[in-house]
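Novice: work.txt is reproduced in full below (compact mmCIF, C-alpha atoms and all ligand atoms).
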```
# COMPACT_ATOMS: atom_id res chain seq x y z
CA MET T 14 -16.41 5.33 -1.24
CA SER T 15 -15.81 4.62 -4.92
CA GLU T 16 -17.55 1.69 -6.54
CA PRO T 17 -15.55 -1.51 -7.01
CA LEU T 18 -14.09 -2.21 -10.45
CA LEU T 19 -15.72 -5.63 -10.51
CA GLU T 20 -18.60 -6.83 -8.43
CA ILE T 21 -20.17 -10.26 -8.79
CA LYS T 22 -23.50 -10.63 -7.07
CA ASP T 23 -25.20 -13.94 -6.37
CA LEU T 24 -24.00 -15.59 -9.58
CA VAL T 25 -25.57 -18.94 -10.42
CA VAL T 26 -24.25 -20.96 -13.36
CA GLU T 27 -25.28 -24.38 -14.63
CA TYR T 28 -23.89 -26.61 -17.34
CA HIS T 29 -26.49 -28.69 -19.13
CA THR T 30 -25.19 -32.08 -20.14
CA ASP T 31 -27.00 -35.10 -21.56
CA GLU T 32 -27.02 -36.77 -18.16
CA ALA T 33 -27.93 -33.93 -15.82
CA ASP T 34 -27.56 -30.30 -14.84
CA VAL T 35 -24.19 -29.47 -13.32
CA HIS T 36 -24.53 -26.86 -10.56
CA ALA T 37 -21.16 -25.24 -11.13
CA LEU T 38 -21.77 -21.91 -9.36
CA ASN T 39 -24.36 -21.67 -6.63
CA GLY T 40 -24.65 -17.99 -5.82
CA ILE T 41 -21.19 -16.48 -5.53
CA SER T 42 -20.50 -12.86 -4.63
CA LEU T 43 -17.13 -11.16 -4.93
CA SER T 44 -15.72 -7.71 -5.35
CA LEU T 45 -12.46 -6.29 -6.57
CA ASP T 46 -11.24 -2.71 -6.34
CA LYS T 47 -9.07 -0.88 -8.82
CA GLY T 48 -5.43 -1.94 -8.68
CA GLU T 49 -6.15 -4.90 -6.40
CA THR T 50 -5.35 -8.58 -6.90
CA LEU T 51 -7.96 -11.11 -5.86
CA GLY T 52 -6.89 -14.73 -5.51
CA LEU T 53 -9.41 -17.47 -6.24
CA VAL T 54 -8.46 -20.76 -4.61
CA GLY T 55 -10.15 -24.11 -4.15
CA GLU T 56 -9.87 -27.71 -5.26
CA THR T 57 -10.41 -28.90 -8.79
CA GLY T 58 -14.03 -28.53 -9.82
CA ALA T 59 -14.78 -25.74 -7.31
CA GLY T 60 -15.94 -23.42 -10.10
CA LYS T 61 -12.93 -21.13 -10.52
CA THR T 62 -12.67 -21.29 -14.31
CA THR T 63 -16.45 -21.08 -14.57
CA THR T 64 -16.30 -17.79 -12.64
CA ALA T 65 -13.65 -16.45 -15.04
CA LEU T 66 -15.52 -17.58 -18.16
CA SER T 67 -18.72 -16.02 -16.84
CA ILE T 68 -17.04 -12.63 -16.46
CA MET T 69 -15.69 -12.91 -20.02
CA ARG T 70 -19.08 -14.21 -21.20
CA LEU T 71 -17.24 -17.13 -22.76
CA LEU T 72 -19.15 -20.05 -21.25
CA PRO T 73 -19.66 -22.80 -23.83
CA LYS T 74 -22.71 -21.93 -25.92
CA LYS T 75 -25.92 -23.87 -25.24
CA ILE T 76 -24.17 -25.87 -22.48
CA GLY T 77 -23.26 -23.15 -20.00
CA GLU T 78 -26.11 -21.02 -18.65
CA ILE T 79 -26.08 -18.06 -16.29
CA LYS T 80 -29.25 -18.63 -14.27
CA ASN T 81 -29.07 -15.70 -11.90
CA GLY T 82 -26.95 -12.85 -10.66
CA GLN T 83 -25.08 -9.80 -11.85
CA ILE T 84 -21.52 -9.15 -12.95
CA LEU T 85 -20.95 -5.44 -12.57
CA PHE T 86 -17.89 -4.00 -14.26
CA GLU T 87 -17.45 -0.30 -13.53
CA GLY T 88 -21.05 -0.38 -12.39
CA GLU T 89 -22.45 -1.88 -15.61
CA ASN T 90 -23.89 -5.37 -15.74
CA LEU T 91 -21.87 -7.42 -18.24
CA LEU T 92 -24.77 -9.86 -18.46
CA ASP T 93 -26.82 -7.17 -20.22
CA LYS T 94 -24.20 -6.52 -22.91
CA THR T 95 -24.62 -7.65 -26.50
CA GLU T 96 -22.03 -9.93 -28.07
CA ALA T 97 -20.69 -6.96 -30.09
CA GLN T 98 -20.27 -4.91 -26.91
CA MET T 99 -18.55 -7.84 -25.20
CA ARG T 100 -16.07 -8.15 -28.07
CA LEU T 101 -14.94 -4.60 -27.40
CA ILE T 102 -14.75 -5.14 -23.64
CA ARG T 103 -12.71 -8.33 -24.07
CA GLY T 104 -9.14 -7.36 -24.66
CA GLU T 105 -9.71 -3.65 -24.25
CA SER T 106 -11.06 -3.53 -20.71
CA ILE T 107 -10.78 -7.12 -19.50
CA SER T 108 -8.36 -9.71 -20.79
CA MET T 109 -7.81 -13.28 -19.80
CA ILE T 110 -4.86 -15.63 -19.71
CA PHE T 111 -6.24 -19.13 -20.03
CA GLN T 112 -5.41 -22.22 -17.99
CA ASP T 113 -3.46 -23.68 -20.90
CA PRO T 114 -1.45 -20.80 -22.34
CA MET T 115 -0.17 -22.79 -25.29
CA THR T 116 -3.63 -22.85 -26.80
CA SER T 117 -3.77 -19.03 -26.85
CA LEU T 118 -0.92 -18.63 -29.34
CA ASN T 119 -1.33 -19.13 -33.05
CA PRO T 120 1.45 -21.54 -34.08
CA VAL T 121 1.70 -20.24 -37.65
CA MET T 122 1.86 -16.54 -36.85
CA ARG T 123 4.96 -14.60 -35.83
CA VAL T 124 4.75 -13.57 -32.17
CA GLY T 125 5.08 -9.87 -32.98
CA ASP T 126 2.16 -10.09 -35.38
CA GLN T 127 0.03 -11.69 -32.67
CA ILE T 128 0.51 -8.64 -30.45
CA LEU T 129 0.04 -6.36 -33.46
CA GLU T 130 -3.28 -7.99 -34.27
CA ALA T 131 -4.79 -6.90 -30.95
CA LEU T 132 -3.57 -3.33 -31.54
CA ARG T 133 -4.92 -3.25 -35.11
CA LEU T 134 -8.34 -4.36 -33.93
CA HIS T 135 -8.67 -2.19 -30.87
CA ARG T 136 -6.34 0.77 -31.48
CA PRO T 137 -6.97 1.94 -35.05
CA ASP T 138 -6.14 5.45 -33.81
CA MET T 139 -2.46 4.46 -33.53
CA SER T 140 -0.30 4.81 -36.64
CA LYS T 141 1.44 1.70 -38.01
CA ALA T 142 4.74 2.98 -36.66
CA GLU T 143 3.22 3.56 -33.22
CA GLN T 144 1.74 0.06 -33.25
CA GLN T 145 5.13 -1.45 -34.14
CA LYS T 146 6.76 0.56 -31.38
CA LYS T 147 4.19 -0.72 -28.91
CA VAL T 148 4.87 -4.34 -29.98
CA ASP T 149 8.59 -3.81 -29.29
CA GLU T 150 7.81 -2.16 -25.97
CA MET T 151 5.51 -4.95 -24.84
CA LEU T 152 8.04 -7.66 -25.71
CA GLU T 153 10.82 -5.81 -23.90
CA MET T 154 8.51 -5.31 -20.94
CA VAL T 155 8.05 -9.06 -20.55
CA GLY T 156 11.78 -9.62 -20.99
CA ILE T 157 11.93 -10.73 -24.61
CA PRO T 158 14.28 -8.87 -26.98
CA ALA T 159 12.17 -7.00 -29.54
CA ALA T 160 14.29 -8.48 -32.34
CA ARG T 161 12.67 -11.86 -31.70
CA LYS T 162 9.23 -10.59 -32.77
CA ARG T 163 9.71 -12.19 -36.20
CA GLU T 164 10.01 -15.67 -34.69
CA TYR T 165 7.23 -18.24 -34.36
CA PRO T 166 5.96 -19.66 -31.04
CA HIS T 167 7.77 -23.00 -31.52
CA GLN T 168 11.07 -21.12 -31.44
CA PHE T 169 10.36 -20.05 -27.86
CA SER T 170 10.64 -21.95 -24.57
CA GLY T 171 7.52 -22.58 -22.46
CA GLY T 172 8.31 -19.68 -20.14
CA MET T 173 8.89 -17.34 -23.08
CA LYS T 174 5.65 -18.41 -24.76
CA GLN T 175 3.84 -17.59 -21.54
CA ARG T 176 5.54 -14.18 -21.50
CA VAL T 177 4.26 -13.58 -25.03
CA VAL T 178 0.74 -14.51 -23.90
CA ILE T 179 1.07 -12.01 -21.06
CA ALA T 180 2.37 -9.34 -23.47
CA ILE T 181 -0.70 -9.88 -25.66
CA ALA T 182 -3.03 -9.77 -22.66
CA LEU T 183 -1.52 -6.51 -21.43
CA ALA T 184 -0.91 -4.78 -24.78
CA LEU T 185 -4.21 -2.92 -24.59
CA GLU T 186 -3.62 -2.03 -20.94
CA PRO T 187 -6.83 -3.64 -19.71
CA LYS T 188 -8.35 -2.53 -16.43
CA LEU T 189 -8.79 -6.13 -15.36
CA LEU T 190 -6.57 -9.11 -16.08
CA ILE T 191 -7.96 -12.55 -15.37
CA ALA T 192 -5.19 -15.13 -15.05
CA ASP T 193 -6.37 -18.74 -14.79
CA GLU T 194 -3.48 -20.83 -13.45
CA PRO T 195 -1.11 -18.78 -15.62
CA THR T 196 2.02 -20.69 -14.66
CA THR T 197 0.82 -24.27 -14.17
CA ALA T 198 2.42 -25.44 -17.40
CA LEU T 199 5.83 -24.03 -16.44
CA ASP T 200 8.56 -25.45 -14.25
CA VAL T 201 8.87 -24.09 -10.75
CA THR T 202 11.75 -21.62 -11.21
CA ILE T 203 10.19 -20.12 -14.34
CA GLN T 204 6.81 -19.99 -12.57
CA ALA T 205 8.25 -17.68 -9.92
CA GLN T 206 9.84 -15.43 -12.55
CA VAL T 207 6.71 -15.17 -14.66
CA LEU T 208 4.54 -14.43 -11.62
CA GLN T 209 6.93 -11.79 -10.36
CA MET T 210 6.89 -10.19 -13.78
CA MET T 211 3.09 -10.24 -13.91
CA SER T 212 2.93 -8.62 -10.50
CA ASP T 213 5.38 -5.90 -11.50
CA LEU T 214 3.53 -5.18 -14.75
CA LYS T 215 0.25 -5.08 -12.94
CA THR T 216 1.57 -2.46 -10.54
CA LYS T 217 3.16 -0.47 -13.37
CA LEU T 218 -0.01 -0.42 -15.47
CA ASP T 219 -2.36 -0.17 -12.45
CA THR T 220 -4.28 -3.22 -13.64
CA SER T 221 -6.54 -5.18 -11.31
CA MET T 222 -6.08 -8.92 -11.36
CA LEU T 223 -8.18 -11.97 -10.68
CA LEU T 224 -5.62 -14.70 -10.10
CA ILE T 225 -6.74 -18.31 -10.09
CA THR T 226 -4.16 -20.59 -8.56
CA HIS T 227 -3.57 -23.74 -6.54
CA ASP T 228 -0.45 -22.28 -5.03
CA LEU T 229 -0.96 -20.70 -1.61
CA GLY T 230 2.57 -19.29 -1.59
CA VAL T 231 1.68 -17.33 -4.71
CA VAL T 232 -1.54 -16.14 -3.12
CA SER T 233 0.20 -14.94 0.03
CA GLN T 234 2.79 -13.08 -2.01
CA THR T 235 0.64 -11.45 -4.64
CA CYS T 236 -2.98 -11.14 -3.51
CA ASP T 237 -4.68 -8.33 -1.63
CA LYS T 238 -7.86 -10.36 -1.24
CA VAL T 239 -8.62 -14.07 -1.31
CA ALA T 240 -11.81 -16.00 -2.08
CA VAL T 241 -11.87 -19.65 -1.08
CA MET T 242 -14.30 -21.61 -3.26
CA TYR T 243 -15.94 -24.93 -2.54
CA ALA T 244 -18.56 -26.69 -4.65
CA GLY T 245 -19.56 -23.53 -6.50
CA GLU T 246 -19.72 -21.29 -3.44
CA VAL T 247 -17.38 -18.81 -1.83
CA VAL T 248 -17.03 -20.23 1.69
CA GLU T 249 -14.53 -17.65 2.92
CA TYR T 250 -13.50 -14.28 1.59
CA GLY T 251 -11.36 -11.52 2.96
CA ARG T 252 -8.17 -9.56 2.82
CA ALA T 253 -5.04 -11.71 2.58
CA GLU T 254 -4.24 -10.89 6.23
CA ASP T 255 -7.65 -12.21 7.28
CA ILE T 256 -7.14 -15.43 5.37
CA PHE T 257 -3.53 -16.08 6.36
CA LEU T 258 -3.34 -14.56 9.82
CA GLY T 259 -6.95 -14.31 11.00
CA LYS T 260 -7.99 -16.47 13.96
CA GLN T 261 -11.27 -17.77 12.55
CA HIS T 262 -11.65 -19.69 9.35
CA HIS T 263 -14.03 -21.90 7.48
CA PRO T 264 -13.13 -25.54 8.23
CA TYR T 265 -12.50 -26.01 4.50
CA THR T 266 -9.93 -23.21 4.48
CA GLU T 267 -8.29 -24.77 7.53
CA GLY T 268 -8.13 -28.07 5.70
CA LEU T 269 -6.71 -26.50 2.57
CA PHE T 270 -4.10 -24.51 4.39
CA GLY T 271 -3.29 -27.54 6.52
CA SER T 272 0.06 -26.87 8.06
CA LEU T 273 1.03 -23.82 6.06
CA PRO T 274 4.49 -23.39 7.55
CA GLU T 275 4.96 -19.70 6.95
CA LEU T 276 3.38 -16.87 5.07
CA ASN T 277 6.12 -16.63 2.48
CA ALA T 278 6.48 -20.32 1.67
CA THR T 279 6.87 -20.47 -2.09
CA ALA T 280 6.15 -24.06 -2.99
CA LYS T 281 3.17 -24.83 -0.75
CA ARG T 282 0.30 -26.35 -2.66
CA LEU T 283 -3.21 -26.89 -1.41
CA SER T 284 -3.04 -29.93 0.84
CA PRO T 285 -5.53 -32.71 0.21
CA ILE T 286 -8.49 -33.02 2.56
CA ASN T 287 -10.06 -36.40 3.25
CA GLY T 288 -12.91 -37.26 0.94
CA LEU T 289 -13.94 -35.68 -2.33
CA MET T 290 -15.75 -32.58 -3.42
CA PRO T 291 -19.42 -33.47 -3.96
CA ASP T 292 -20.68 -34.22 -7.43
CA PRO T 293 -22.11 -30.91 -8.70
CA MET T 294 -24.94 -32.91 -10.27
CA ALA T 295 -26.04 -34.05 -6.81
CA LEU T 296 -25.01 -31.56 -4.16
CA PRO T 297 -25.63 -32.44 -0.49
CA GLU T 298 -28.28 -30.63 1.52
CA GLY T 299 -27.34 -28.09 4.16
CA CYS T 300 -23.72 -27.02 4.12
CA LYS T 301 -22.09 -28.47 1.01
CA PHE T 302 -18.92 -29.16 2.96
CA HIS T 303 -20.64 -31.12 5.76
CA PRO T 304 -19.77 -34.66 4.57
CA ARG T 305 -16.06 -33.80 4.85
CA CYS T 306 -16.17 -31.45 7.80
CA PRO T 307 -14.57 -32.56 11.08
CA HIS T 308 -16.94 -30.22 12.99
CA CYS T 309 -20.16 -31.37 11.31
CA THR T 310 -23.37 -31.21 13.40
CA GLU T 311 -26.95 -32.27 12.66
CA ARG T 312 -27.78 -28.69 11.77
CA CYS T 313 -25.00 -28.60 9.16
CA LYS T 314 -26.64 -31.53 7.38
CA LYS T 315 -29.95 -29.69 6.98
CA GLU T 316 -29.55 -25.93 7.03
CA ILE T 317 -27.59 -23.86 4.57
CA PRO T 318 -25.25 -21.71 6.67
CA ALA T 319 -25.68 -17.97 6.71
CA VAL T 320 -22.89 -15.59 5.84
CA HIS T 321 -20.92 -14.23 8.79
CA GLN T 322 -19.31 -10.92 8.15
CA ASP T 323 -16.58 -9.35 10.25
CA GLY T 324 -15.56 -6.19 8.43
CA GLU T 325 -14.46 -7.43 5.01
CA HIS T 326 -13.87 -10.97 6.29
CA MET T 327 -16.71 -13.32 5.36
CA ILE T 328 -17.18 -16.92 6.48
CA ARG T 329 -20.11 -19.10 5.53
CA CYS T 330 -20.36 -21.63 8.37
CA HIS T 331 -22.77 -22.52 11.21
CA LEU T 332 -19.89 -22.73 13.69
CA MET T 333 -19.49 -18.99 13.46
CA ASP T 334 -22.86 -18.57 15.17
CA LYS T 335 -21.18 -19.49 18.42
CA GLU T 336 -18.08 -17.40 17.73
CA VAL T 337 -15.94 -19.90 19.68
CA ARG T 338 -15.54 -23.56 18.88
N1 LIG T 401 -18.34 -27.66 -20.41
C1 LIG T 401 -18.74 -28.26 -19.28
N2 LIG T 401 -19.77 -29.15 -19.32
C2 LIG T 401 -20.20 -29.75 -18.19
N3 LIG T 401 -19.67 -29.54 -16.98
C3 LIG T 401 -18.65 -28.67 -16.88
C4 LIG T 401 -18.13 -27.98 -18.03
N4 LIG T 401 -17.12 -27.19 -17.63
C5 LIG T 401 -17.00 -27.37 -16.28
N5 LIG T 401 -17.92 -28.24 -15.83
C6 LIG T 401 -18.12 -28.68 -14.43
O1 LIG T 401 -18.34 -27.54 -13.63
C7 LIG T 401 -17.69 -27.66 -12.37
C8 LIG T 401 -16.76 -26.48 -12.18
O2 LIG T 401 -15.70 -26.56 -13.15
P1 LIG T 401 -14.54 -25.49 -13.27
O3 LIG T 401 -13.82 -25.78 -14.53
O4 LIG T 401 -15.11 -24.13 -13.11
O5 LIG T 401 -13.63 -25.85 -12.00
P2 LIG T 401 -12.21 -25.27 -11.56
O6 LIG T 401 -12.38 -24.78 -10.15
O7 LIG T 401 -11.69 -24.33 -12.56
O8 LIG T 401 -11.30 -26.59 -11.51
P3 LIG T 401 -9.75 -26.80 -11.89
O9 LIG T 401 -8.99 -26.40 -10.66
O10 LIG T 401 -9.65 -28.26 -12.15
O11 LIG T 401 -9.43 -25.99 -13.09
C9 LIG T 401 -17.00 -29.02 -12.39
O12 LIG T 401 -17.83 -29.94 -11.75
C10 LIG T 401 -16.88 -29.33 -13.86
O13 LIG T 401 -16.89 -30.72 -14.08
MG MG T 402 -10.09 -24.35 -13.85
```
Would you mind giving the structure from this file in structure tokens?
Specialist:
Amino acid sequence: MSEPLLEIKDLVVEYHTDEADVHALNGISLSLDKGETLGLVGETGAGKTTTALSIMRLLPKKIGEIKNGQILFEGENLLDKTEAQMRLIRGESISMIFQDPMTSLNPVMRVGDQILEALRLHRPDMSKAEQQKKVDEMLEMVGIPAARKREYPHQFSGGMKQRVVIAIALALEPKLLIADEPTTALDVTIQAQVLQMMSDLKTKLDTSMLLITHDLGVVSQTCDKVAVMYAGEVVEYGRAEDIFLGKQHHPYTEGLFGSLPELNATAKRLSPINGLMPDPMALPEGCKFHPRCPHCTERCKKEIPAVHQDGEHMIRCHLMDKEVR
């Protein structure tokens, strides 16, 4: 068996604020194979962006601290890399589309030049003509006529700006693309188009993708694997079939998926569950989901649940000890 492209092992991340330590990630483990798409889902504050920023080693300086764990990329621990090594990895091997795409574009630089900049930095072996050709190719690939490369971001619609961001992220043909809510800022019809395009490009370039989204329809359509996060932990993880069609689930996943009408529903969002995610400055004892769990027992209030593994399907819940509920 070949090694996974990305493997996160027992990652613990804290943010240090004036008031307290925020326990943003409490030992998460994930893996992603070449060419696969892994969906990260969970309510606001679950730790999804923190996971992405940790992989990129872009946690806010002094505030964000990786306390434990490993992030293996092609078998090498990214946490051991120097900043100079990380600069090469970012863009070239791993690139990220941020939660707010509009912040990724430089408003006073022509869009073509923004793609060109990445090529100049990372592909000095290419001639100027080759670089220009690649800029045209990338724009065409995301559905923007190459002639518009001389325009500035404000001359583009939201959906087109996001396409430019995607073109930049994919220009260096990274092995891993991290997309943090890449379409949240777009209206629904454009969202579907942009996601479809990302999926197609990913297949064409054989890129692996970590896709962070609130949209379960998107997950069911694009992801090979799904990790459900709650309060800085992965509470359920498996192949998309396990998550959408499997019989057993973490009660949190059940709550999230609520009454998912069908696998290919496009507009289904995570449904709200009663109560709130615990404050990561003061996490509950035992299972972190117990205060909101309809199946909570005394044991759940005290003991941290063990991981239950069924093939690739993982559930972290005491109820699984009994197999049947
Ligand atoms: N710079 C920071 N300083 C202090 N706390 C932070 C910082 N960034 C994130 N956090 C906290 O860490 C936890 C995880 O945040 P994170 O941004 O990873 O969540 P998320 O799952 O991406 O949420 P969303 O769906 O809203 O984007 C939250 O409790 C958040 O308040
Ligand atoms: Mg986020």
Novice: May I ask you to write as a VMD selection string all residues lying at most 10 Å from ligand LIG 401 (chain T), with only C-alpha atoms and all ligand atoms counted?
Specialist: chain T and resid 26 to 38 53 to 67 72 to 77 112 193 to 194 225 to 227 242 to 245 290 to 294
Novice: One number please: atom CA of His135 of chain T to atom CA of Val155 of chain T, in Å, one decimal.
Specialist: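 Separation of atom CA of His135 of chain T and atom CA of Val155 of chain T: 20.8 Å.
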Novice: Give me the residues near Leu223 of chain T as JSON, numbers by chain, where near means some atom within 10 Å (using all atoms listed in the file) and where sequence neighbours in that chain fewer than 6 positions away do not count.
Specialist: {"T": [19, 45, 49, 50, 51, 52, 53, 65, 109, 189, 190, 191, 192, 193, 236, 238, 239]}
Novice: Of the candidates T:Phe111, T:Tyr250, T:Phe257, T:Phe86, which one gets nearest to ligand MG 402 (chain T) if we count all atoms listed in the file?
Specialist: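 With all atoms listed in the file as the atom set, the closest residue is T:Phe111.
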Novice: Atom CA of Pro158 of chain T and atom CA of Leu101 of chain T are how many Å apart?
Specialist: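 According to the coordinates, atom CA of Pro158 of chain T and atom CA of Leu101 of chain T are separated by 29.5 Å.
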Novice: I want to know what sits within 12 Å of Pro318 of chain T, based on all atoms listed in the file, with residues of the same chain fewer than 3 positions away left out; could you give that as a count of residues only?
Specialist: 24
Novice: Quote the spacing between atom CA of Gly271 of chain T and atom CA of Leu229 of chain T in Å to one decimal place.
Specialist: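 These atoms are spaced 10.9 Å apart.
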Novice: Rank T:Glu150, T:Asp113, T:Asp237, T:Asp255 by their smallest atom-to-atom distance to ligand MG 402 (chain T), using all atoms listed in the file, and report the top residue only.
Specialist: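 Looking only at the distances to ligand MG 402 (chain T), the closest residue turns out to be T:Asp113.
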Novice: Of the residues T:Leu183, T:Met173, T:Leu18, T:Ala159, which is the one nearest to Ser108 of chain T, using all atoms listed in the file?
Specialist: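 Of T:Leu183, T:Met173, T:Leu18, T:Ala159, the one nearest Ser108 of chain T is T:Leu183, counting all atoms listed in the file.
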Novice: Considering all atoms listed in the file, return as a VMD selection string whatever protein or nucleic-acid residues lie within 10 Å of segment 199-209 of chain T, sequence-local ones (same chain, fewer than 3 positions apart) excluded.
Specialist: chain T and resid 114 155 to 156 170 to 173 175 to 176 179 195 to 196 212 to 215 231 234 to 235 279 to 280
Novice: Can you tell me which residues surround Asp46 of chain T at a distance of at most 9 Å, considering all atoms listed in the file, apart from same-chain residues fewer than 5 positions away, and format the answer as a PyMOL selection string?
Specialist: chain T and resi 15-20+221
Novice: List the spatial neighbours of segment 118-134 of chain T as JSON, numbers by chain - criterion: any atom at most 9 Å away, only C-alpha atoms, same-chain residues fewer than 2 positions off excluded.
Specialist: {"T": [104, 105, 114, 115, 116, 136, 137, 138, 139, 141, 144, 145, 147, 148, 149, 151, 152, 159, 161, 162, 163, 164, 165, 166, 167, 174, 177, 178, 180, 181, 182, 184, 185]}
Novice: Counting all atoms listed in the file, which residue out of T:Thr197, T:Asp93, T:Met154, T:Ser42 sits closest to ligand MG 402 (chain T)?
Specialist: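 Of T:Thr197, T:Asp93, T:Met154, T:Ser42, the one nearest ligand MG 402 (chain T) is T:Thr197, counting all atoms listed in the file.
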Novice: Pick from T:Glu153, T:Gly268, T:Lys188, T:Leu43: nearest to Glu87 of chain T, with only C-alpha atoms counted?
Specialist: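 Checking each of T:Glu153, T:Gly268, T:Lys188, T:Leu43 against Glu87 of chain T, counting only C-alpha atoms, the winner is T:Lys188.
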